[in-house]
$ cat my_file-v3.cif   # mmCIF, C-alpha atoms
data_coords
#
loop_
_atom_site.label_atom_id
_atom_site.label_comp_id
_atom_site.auth_asym_id
_atom_site.auth_seq_id
_atom_site.Cartn_x
_atom_site.Cartn_y
_atom_site.Cartn_z
CA MET D 1 -22.45 -28.32 -64.83
CA ARG D 2 -20.09 -30.47 -62.77
CA ASN D 3 -17.11 -29.35 -64.86
CA PHE D 4 -18.15 -25.73 -64.43
CA ILE D 5 -18.25 -26.15 -60.63
CA ILE D 6 -14.79 -27.73 -60.62
CA VAL D 7 -13.34 -24.92 -62.75
CA PHE D 8 -15.00 -22.32 -60.52
CA LEU D 9 -13.61 -23.92 -57.35
CA VAL D 10 -10.09 -24.04 -58.81
CA PHE D 11 -10.37 -20.38 -59.84
CA PHE D 12 -11.76 -19.41 -56.41
CA ILE D 13 -8.97 -21.24 -54.55
CA SER D 14 -6.37 -19.65 -56.83
CA CYS D 15 -7.77 -16.16 -56.24
CA SER D 16 -8.00 -16.74 -52.49
CA HIS D 17 -4.39 -17.88 -52.41
CA LYS D 18 -3.23 -14.76 -54.28
CA LYS D 19 -5.26 -12.59 -51.92
CA ASP D 20 -3.58 -14.18 -48.91
CA ASN D 21 -0.18 -13.93 -50.60
CA PRO D 22 -0.22 -10.75 -52.69
CA LEU D 23 3.54 -11.01 -53.28
CA GLU D 24 4.75 -14.35 -54.61
CA LEU D 25 8.40 -15.33 -54.80
CA GLU D 26 9.55 -18.29 -56.90
CA ILE D 27 12.93 -19.90 -57.66
CA LEU D 28 13.26 -20.72 -61.35
CA ASN D 29 16.22 -23.11 -61.12
CA GLU D 30 15.55 -26.83 -60.88
CA SER D 31 18.54 -27.27 -58.55
CA ILE D 32 21.57 -25.45 -57.12
CA LEU D 33 25.07 -26.89 -57.40
CA SER D 34 27.55 -27.46 -54.60
CA SER D 35 31.04 -28.91 -54.50
CA LYS D 36 31.50 -31.88 -52.18
CA ASN D 37 34.54 -30.16 -50.69
CA LYS D 38 34.05 -29.08 -47.13
CA GLY D 39 33.34 -25.44 -46.50
CA LYS D 40 35.36 -25.07 -43.30
CA LEU D 41 36.69 -21.59 -42.74
CA LYS D 42 40.31 -22.60 -43.30
CA ASP D 43 39.43 -24.02 -46.73
CA ILE D 44 37.27 -21.15 -47.96
CA TYR D 45 39.97 -19.05 -49.60
CA LYS D 46 41.64 -22.09 -51.10
CA GLY D 47 38.38 -23.37 -52.54
CA ILE D 48 37.12 -20.09 -53.93
CA LYS D 49 40.45 -19.45 -55.68
CA ASP D 50 40.47 -22.87 -57.35
CA SER D 51 39.12 -22.10 -60.84
CA ASN D 52 38.21 -25.76 -61.39
CA ILE D 53 36.07 -25.88 -58.23
CA VAL D 54 34.50 -22.52 -59.01
CA SER D 55 33.55 -23.45 -62.58
CA LYS D 56 31.98 -26.75 -61.51
CA SER D 57 30.10 -25.50 -58.47
CA LYS D 58 28.83 -22.15 -59.77
CA THR D 59 25.10 -21.65 -60.17
CA ILE D 60 23.49 -18.58 -61.69
CA ILE D 61 20.31 -18.45 -59.65
CA THR D 62 17.23 -16.86 -61.22
CA TYR D 63 14.02 -16.06 -59.38
CA LYS D 64 10.98 -13.85 -59.74
CA LEU D 65 8.68 -11.77 -57.58
CA THR D 66 5.06 -11.26 -58.66
CA ASN D 67 2.68 -8.67 -57.27
CA HIS D 68 -0.88 -10.06 -57.38
CA SER D 69 -2.31 -7.07 -55.51
CA ASN D 70 -3.57 -3.67 -56.66
CA SER D 71 -0.96 -1.85 -54.58
CA VAL D 72 2.42 -0.44 -55.52
CA TYR D 73 5.06 -1.70 -53.09
CA TYR D 74 8.41 -0.12 -52.28
CA PHE D 75 11.08 -2.51 -50.95
CA ASN D 76 13.62 -1.11 -48.51
CA LEU D 77 16.53 -3.56 -48.33
CA ASN D 78 18.46 -1.84 -45.57
CA PRO D 79 21.34 -4.24 -44.71
CA ASN D 80 21.37 -2.95 -41.13
CA SER D 81 17.71 -3.80 -40.61
CA ASN D 82 16.73 -6.00 -37.69
CA LEU D 83 14.85 -8.15 -40.22
CA ARG D 84 18.05 -8.79 -42.18
CA ASN D 85 19.92 -9.64 -39.00
CA LYS D 86 17.40 -12.40 -38.29
CA ILE D 87 18.28 -14.20 -41.53
CA GLU D 88 21.38 -16.37 -41.81
CA GLY D 89 22.00 -16.76 -45.50
CA ILE D 90 24.04 -15.81 -48.54
CA SER D 91 23.17 -12.44 -50.09
CA LEU D 92 21.88 -12.51 -53.66
CA LYS D 93 20.57 -9.79 -55.95
CA ASN D 94 17.78 -8.40 -53.75
CA GLY D 95 17.39 -11.73 -51.98
CA ILE D 96 18.97 -14.13 -49.50
CA LEU D 97 19.71 -17.82 -50.04
CA CYS D 98 18.93 -20.09 -47.08
CA ILE D 99 19.57 -23.84 -46.91
CA TYR D 100 17.61 -26.55 -45.12
CA GLN D 101 18.36 -30.20 -44.47
CA ASN D 102 15.94 -33.01 -45.38
CA ASP D 103 13.34 -30.63 -46.84
CA ASN D 104 12.13 -29.53 -43.40
CA ASN D 105 12.66 -26.54 -41.15
CA GLU D 106 16.07 -27.71 -39.95
CA GLU D 107 17.98 -24.68 -41.18
CA VAL D 108 21.67 -25.00 -41.93
CA ARG D 109 23.62 -22.30 -40.14
CA ILE D 110 25.50 -20.01 -42.50
CA ARG D 111 28.00 -17.40 -41.41
CA THR D 112 29.20 -15.03 -44.10
CA HIS D 113 31.86 -12.40 -44.48
CA ARG D 114 32.91 -10.18 -47.36
CA ILE D 115 36.22 -10.47 -49.21
CA ASN D 116 38.33 -8.27 -51.43
CA LEU D 117 37.69 -8.55 -55.17
CA ASN D 118 41.28 -7.49 -55.94
CA PHE D 119 40.40 -3.99 -57.08
CA ASN D 120 39.48 -0.67 -55.57
CA GLU D 121 35.93 -0.87 -54.16
CA ASN D 122 35.38 2.63 -55.59
CA ASP D 123 36.19 1.40 -59.07
CA CYS D 124 32.64 0.88 -60.38
CA TYR D 125 33.86 -0.20 -63.80
CA GLY D 126 36.11 -2.87 -62.33
CA LYS D 127 33.41 -4.26 -60.06
CA ASN D 128 30.83 -4.16 -62.84
CA PHE D 129 33.16 -6.09 -65.13
CA LYS D 130 33.87 -8.67 -62.42
CA ILE D 131 30.19 -9.25 -61.62
CA SER D 132 29.22 -9.33 -65.30
CA ASN D 133 31.90 -11.95 -65.87
CA LEU D 134 30.67 -14.06 -62.96
CA LEU D 135 27.14 -13.87 -64.37
CA GLU D 136 28.61 -15.10 -67.68
CA TYR D 137 27.84 -12.06 -69.78
CA SER D 138 30.15 -11.45 -72.73
CA LYS D 139 33.11 -9.12 -72.37
CA ASP D 140 31.30 -6.67 -74.64
CA PHE D 141 28.34 -6.45 -72.26
CA ASN D 142 28.03 -2.79 -71.36
CA SER D 143 25.93 -2.21 -68.27
CA PRO D 144 25.69 0.34 -65.47
CA TYR D 145 27.17 -0.71 -62.17
CA ILE D 146 25.48 -3.95 -61.07
CA GLN D 147 24.82 -3.50 -57.37
CA GLU D 148 24.38 -6.55 -55.20
CA GLN D 149 21.24 -5.27 -53.50
CA VAL D 150 19.24 -2.18 -54.23
CA ASN D 151 15.81 -0.90 -53.20
CA PHE D 152 13.10 -1.40 -55.80
CA ILE D 153 9.43 -0.83 -56.65
CA ILE D 154 6.95 -3.41 -57.90
CA HIS D 155 3.65 -2.34 -59.49
CA PRO D 156 0.30 -4.15 -59.49
CA LYS D 157 0.23 -7.34 -61.58
CA GLU D 158 3.93 -6.88 -62.32
CA THR D 159 6.62 -9.58 -62.22
CA LEU D 160 10.28 -8.75 -61.58
CA PHE D 161 13.10 -11.15 -62.41
CA PHE D 162 16.42 -11.33 -60.56
CA GLU D 163 19.68 -13.23 -60.99
CA TRP D 164 22.85 -13.76 -58.96
CA PHE D 165 25.51 -16.41 -58.52
CA THR D 166 26.74 -18.83 -55.85
CA ASN D 167 29.57 -21.31 -55.42
CA LEU D 168 28.42 -23.60 -52.65
CA PRO D 169 29.63 -24.39 -50.08
CA TYR D 170 31.92 -21.34 -50.34
CA GLY D 171 29.28 -18.67 -50.96
CA ASN D 172 30.77 -16.76 -53.88
CA GLU D 173 33.72 -14.58 -54.79
CA ILE D 174 32.14 -11.54 -53.13
CA GLN D 175 30.69 -13.00 -49.94
CA ASN D 176 32.26 -16.12 -48.49
CA ALA D 177 30.23 -18.53 -46.36
CA ASN D 178 31.32 -20.64 -43.42
CA LEU D 179 29.13 -23.56 -44.41
CA GLU D 180 29.51 -27.31 -44.15
CA LEU D 181 27.40 -29.60 -46.33
CA ASP D 182 27.58 -33.39 -46.20
CA GLY D 183 27.54 -34.82 -49.72
CA ASN D 184 25.70 -37.89 -48.43
CA LYS D 185 22.74 -35.91 -47.11
CA LYS D 186 19.90 -34.10 -48.82
CA TYR D 187 19.61 -30.33 -48.71
CA TYR D 188 17.17 -27.84 -50.15
CA ALA D 189 17.51 -24.13 -50.89
CA GLU D 190 15.01 -21.37 -50.34
CA ILE D 191 15.15 -17.67 -51.20
CA LEU D 192 13.93 -14.87 -48.95
CA ILE D 193 13.31 -11.20 -49.71
CA PHE D 194 12.91 -8.76 -46.83
CA SER D 195 11.84 -5.14 -46.58
CA ASP D 196 11.87 -2.85 -43.57
CA SER D 197 9.35 -0.02 -43.29
CA ILE D 198 10.31 0.87 -39.71
CA ASN D 199 13.81 2.13 -40.53
CA CYS D 200 12.88 3.49 -43.93
CA LYS D 201 13.55 7.12 -43.03
CA LYS D 202 17.08 6.21 -41.93
CA ALA D 203 17.88 4.27 -45.08
CA VAL D 204 16.48 6.23 -48.04
CA SER D 205 16.97 9.77 -49.31
CA ARG D 206 14.62 12.68 -48.68
CA THR D 207 13.58 12.75 -52.33
CA THR D 208 12.78 9.03 -52.27
CA LEU D 209 10.58 9.57 -49.22
CA LYS D 210 8.79 12.31 -51.16
CA ASN D 211 8.31 9.94 -54.09
CA ILE D 212 6.83 7.31 -51.78
CA LYS D 213 4.43 9.83 -50.28
CA GLN D 214 3.52 11.58 -53.51
CA ASN D 215 2.87 8.37 -55.46
CA LYS D 216 1.24 6.56 -52.52
CA TYR D 217 3.64 3.64 -52.54
CA ARG D 218 3.26 1.11 -49.74
CA VAL D 219 6.57 0.33 -48.04
CA PHE D 220 6.47 -3.42 -47.56
CA HIS D 221 7.45 -4.70 -44.13
CA GLY D 222 8.31 -8.32 -43.51
CA ILE D 223 10.01 -11.34 -45.03
CA ILE D 224 8.77 -13.15 -48.14
CA LYS D 225 9.78 -16.79 -48.59
CA SER D 226 9.90 -18.46 -51.97
CA LYS D 227 6.92 -20.70 -52.56
CA ASN D 228 9.27 -23.51 -53.57
CA ARG D 229 12.49 -25.09 -52.40
CA VAL D 230 14.95 -26.64 -54.81
CA PRO D 231 17.44 -29.44 -54.09
CA ILE D 232 21.18 -28.95 -53.69
CA LYS D 233 22.98 -31.08 -56.27
CA PHE D 234 26.52 -32.16 -55.36
CA VAL D 235 29.26 -32.26 -57.97
CA GLU D 236 32.74 -33.78 -57.72
#

$ encode --input "my_file-v3.cif" --output "structure tokens"
Amino acid sequence: MRNFIIVFLVFFISCSHKKDNPLELEILNESILSSKNKGKLKDIYKGIKDSNIVSKSKTIITYKLTNHSNSVYYFNLNPNSNLRNKIEGISLKNGILCIYQNDNNEEVRIRTHRINLNFNENDCYGKNFKISNLLEYSKDFNSPYIQEQVNFIIHPKETLFFEWFTNLPYGNEIQNANLELDGNKKYYAEILIFSDSINCKKAVSRTTLKNIKQNKYRVFHGIIKSKNRVPIKFVE
């Protein structure tokens, strides 16, 4: 009887937690790498073009979003959203990487800017090949254009997996970061996913709005933080 009560309480607490947090975000990496080299703005281009630094400091970050609810959610990742502007972090595939010092709420300030990938931005094949290569897919990997961020739908009880890459403290080869990390201090990374329902009509097509209405999708509004933070691991 006692064991039954314990199991019931654990189940009840678990269900209550999922009810309070219908959408659960989790980082699957045990850690995220960073070079000990300083990330000052004047060193960014030099560091990101050093193949040795890039190979040692690159992390392919994987994470998942689970929908514990009975609702279908549509995520509007409008980059011009006021929600996005509140977050200082490095853009990932449908997420944003934020860094904290000493495993508390002391957020490390990150300023980012985009750089040229040495090909025409309209060349989808070239960009797809570049991103596939950075994600360490084989040269024979044939995929549609891999966009950095794109709106998506998550169904009830569904789990979506995402992956992207970083080269801390430089950001990555697509979006550089003005970020300084002290190799003698402890840092932790967190991932955020945002969605804006307020500016939805300004950011999605007319047919998408019809799909949302017709299929009774709920446009999620707010910022979801990963339930875990993982340590930054420094490499020479």

$ resolve_selection --input "my_file-v3.cif" --expression "the PyMOL selection byres ((chain D and resi 98) around 6)" --output "VMD selection string"
chain D and resid 89 97 99 189 to 190

$ write_last_selection --input "my_file-v3.cif" --atoms "C-alpha atoms" --output "PDB file, in the frame of the given file"
ATOM      1  CA  GLY D  89      22.000 -16.760 -45.500  1.00  0.00           C
ATOM      2  CA  LEU D  97      19.710 -17.820 -50.040  1.00  0.00           C
ATOM      3  CA  ILE D  99      19.570 -23.840 -46.910  1.00  0.00           C
ATOM      4  CA  ALA D 189      17.510 -24.130 -50.890  1.00  0.00           C
ATOM      5  CA  GLU D 190      15.010 -21.370 -50.340  1.00  0.00           C
TER       6      GLU D 190
END

$ atom_distance --input "my_file-v3.cif" --atom1 "atom CA of Phe220 of chain D" --atom2 "atom CA of Phe152 of chain D"
10.8 Å

$ closest_residue --input "my_file-v3.cif" --among "D:Ile232, D:Leu134, D:Ile154, D:Ile193" --to "Ser31 of chain D" --atoms "all atoms listed in the file"
D:Ile232

$ resolve_selection --input "my_file-v3.cif" --expression "the PyMOL selection byres ((chain D and resi 30) around 12)" --output "list in words"
Glu26, Ile27, Leu28, Asn29, Ser31, Ile32, Leu33, Thr59, Ile60, Ile61, Thr62, Tyr63, Tyr188, Ala189, Glu190, Asn228, Arg229, Val230, Pro231, Ile232 and Lys233 of chain D

$ atom_distance --input "my_file-v3.cif" --atom1 "atom CA of Phe165 of chain D" --atom2 "atom CA of Glu107 of chain D"
20.6 Å

$ closest_residue --input "my_file-v3.cif" --among "D:Lys213, D:Arg206, D:His155, D:Lys201" --to "Pro22 of chain D" --atoms "all atoms listed in the file"
D:His155

$ residues_around --input "my_file-v3.cif" --residues "Ala203 of chain D" --least-positions-apart "3" --cutoff "8 Å" --atoms "all atoms listed in the file" --output "ChimeraX atom specification"
/D:76,78,199-200

$ atom_distance --input "my_file-v3.cif" --atom1 "atom CA of Val219 of chain D" --atom2 "atom CA of Tyr74 of chain D"
4.6 Å

$ residues_around --input "my_file-v3.cif" --residues "Arg84 of chain D" --least-positions-apart "4" --cutoff "7 Å" --atoms "only C-alpha atoms" --output "PyMOL selection string"
chain D and resi 79-80+194

$ residues_around --input "my_file-v3.cif" --residues "Gly183 of chain D" --least-positions-apart "5" --cutoff "9 Å" --atoms "all atoms listed in the file" --output "list in words"
Ser34, Ser35, Lys36, Asn37, Lys233, Phe234 and Val235 of chain D

$ write_last_selection --input "my_file-v3.cif" --atoms "C-alpha atoms" --output "mmCIF file, in the coordinates of the input"
data_model
loop_
_atom_site.group_PDB
_atom_site.id
_atom_site.type_symbol
_atom_site.label_atom_id
_atom_site.label_comp_id
_atom_site.auth_asym_id
_atom_site.auth_seq_id
_atom_site.Cartn_x
_atom_site.Cartn_y
_atom_site.Cartn_z
ATOM 1 C CA SER D 34 27.550 -27.460 -54.600
ATOM 2 C CA SER D 35 31.040 -28.910 -54.500
ATOM 3 C CA LYS D 36 31.500 -31.880 -52.180
ATOM 4 C CA ASN D 37 34.540 -30.160 -50.690
ATOM 5 C CA LYS D 233 22.980 -31.080 -56.270
ATOM 6 C CA PHE D 234 26.520 -32.160 -55.360
ATOM 7 C CA VAL D 235 29.260 -32.260 -57.970
#

$ closest_residue --input "my_file-v3.cif" --among "D:Ile174, D:Ile212, D:Val204, D:Leu65" --to "Lys227 of chain D" --atoms "only C-alpha atoms"
D:Leu65

$ residues_around --input "my_file-v3.cif" --residues "Gln149 of chain D" --least-positions-apart "4" --cutoff "9 Å" --atoms "all atoms listed in the file" --output "PyMOL selection string"
chain D and resi 77+79+91-95

$ decode --input "my_file-v3.cif" --residues "segment 173-205 of chain D" --atoms "N, CA and C atoms" --output "compact mmCIF listing (two decimals), in the first residue's frame"
# COMPACT_ATOMS: atom_id res chain seq x y z
N GLU D 173 30.19 30.38 -38.08
CA GLU D 173 30.60 30.97 -39.36
C GLU D 173 29.49 31.74 -40.07
N ILE D 174 28.30 31.72 -39.49
CA ILE D 174 27.18 32.46 -40.08
C ILE D 174 26.85 33.69 -39.26
N GLN D 175 26.89 33.55 -37.95
CA GLN D 175 26.58 34.66 -37.06
C GLN D 175 27.67 34.78 -36.01
N ASN D 176 28.47 35.84 -36.12
CA ASN D 176 29.56 36.03 -35.17
C ASN D 176 29.05 36.66 -33.88
N ALA D 177 29.73 36.37 -32.79
CA ALA D 177 29.33 36.89 -31.48
C ALA D 177 30.46 37.70 -30.86
N ASN D 178 30.11 38.85 -30.32
CA ASN D 178 31.05 39.65 -29.54
C ASN D 178 30.91 39.18 -28.10
N LEU D 179 31.70 38.19 -27.74
CA LEU D 179 31.52 37.49 -26.47
C LEU D 179 32.87 37.20 -25.84
N GLU D 180 33.01 37.52 -24.57
CA GLU D 180 34.25 37.24 -23.85
C GLU D 180 33.96 36.26 -22.72
N LEU D 181 34.67 35.13 -22.75
CA LEU D 181 34.54 34.12 -21.71
C LEU D 181 35.90 33.91 -21.07
N ASP D 182 35.94 33.90 -19.75
CA ASP D 182 37.16 33.68 -18.99
C ASP D 182 37.33 32.19 -18.74
N GLY D 183 38.40 31.61 -19.27
CA GLY D 183 38.63 30.18 -19.15
C GLY D 183 38.78 29.69 -17.72
N ASN D 184 38.95 30.61 -16.77
CA ASN D 184 39.10 30.22 -15.37
C ASN D 184 37.78 30.28 -14.60
N LYS D 185 36.71 30.67 -15.30
CA LYS D 185 35.41 30.75 -14.63
C LYS D 185 34.47 29.69 -15.19
N LYS D 186 33.38 29.47 -14.49
CA LYS D 186 32.40 28.48 -14.90
C LYS D 186 31.21 29.16 -15.59
N TYR D 187 30.82 28.58 -16.70
CA TYR D 187 29.69 29.11 -17.45
C TYR D 187 28.74 27.96 -17.82
N TYR D 188 27.48 28.33 -18.00
CA TYR D 188 26.47 27.34 -18.36
C TYR D 188 25.62 27.88 -19.50
N ALA D 189 25.18 26.99 -20.37
CA ALA D 189 24.39 27.39 -21.53
C ALA D 189 22.95 26.94 -21.38
N GLU D 190 22.08 27.75 -21.92
CA GLU D 190 20.64 27.49 -21.90
C GLU D 190 20.10 27.80 -23.29
N ILE D 191 19.06 27.09 -23.70
CA ILE D 191 18.44 27.35 -25.00
C ILE D 191 17.03 27.88 -24.80
N LEU D 192 16.67 28.87 -25.59
CA LEU D 192 15.34 29.46 -25.55
C LEU D 192 14.68 29.32 -26.92
N ILE D 193 13.38 29.11 -26.92
CA ILE D 193 12.58 29.16 -28.14
C ILE D 193 11.45 30.15 -27.91
N PHE D 194 11.28 31.08 -28.84
CA PHE D 194 10.23 32.08 -28.69
C PHE D 194 9.22 31.95 -29.82
N SER D 195 8.04 32.48 -29.60
CA SER D 195 7.01 32.54 -30.64
C SER D 195 6.13 33.75 -30.36
N ASP D 196 5.80 34.47 -31.41
CA ASP D 196 5.04 35.71 -31.28
C ASP D 196 3.70 35.58 -31.97
N SER D 197 2.62 35.63 -31.20
CA SER D 197 1.28 35.56 -31.78
C SER D 197 0.75 36.94 -32.14
N ILE D 198 1.34 37.98 -31.55
CA ILE D 198 0.84 39.34 -31.75
C ILE D 198 1.11 39.81 -33.18
N ASN D 199 2.32 39.55 -33.67
CA ASN D 199 2.71 40.01 -35.00
C ASN D 199 2.57 38.91 -36.05
N CYS D 200 1.78 37.92 -35.75
CA CYS D 200 1.66 36.77 -36.64
C CYS D 200 1.18 37.17 -38.03
N LYS D 201 0.19 38.05 -38.09
CA LYS D 201 -0.38 38.43 -39.38
C LYS D 201 0.62 39.18 -40.25
N LYS D 202 1.64 39.77 -39.63
CA LYS D 202 2.64 40.51 -40.39
C LYS D 202 3.80 39.63 -40.82
N ALA D 203 3.83 38.39 -40.31
CA ALA D 203 5.01 37.56 -40.54
C ALA D 203 4.73 36.27 -41.29
N VAL D 204 3.46 35.91 -41.49
CA VAL D 204 3.15 34.67 -42.19
C VAL D 204 2.21 34.96 -43.36
N SER D 205 2.16 34.05 -44.29
CA SER D 205 1.36 34.25 -45.51
C SER D 205 -0.13 34.13 -45.23
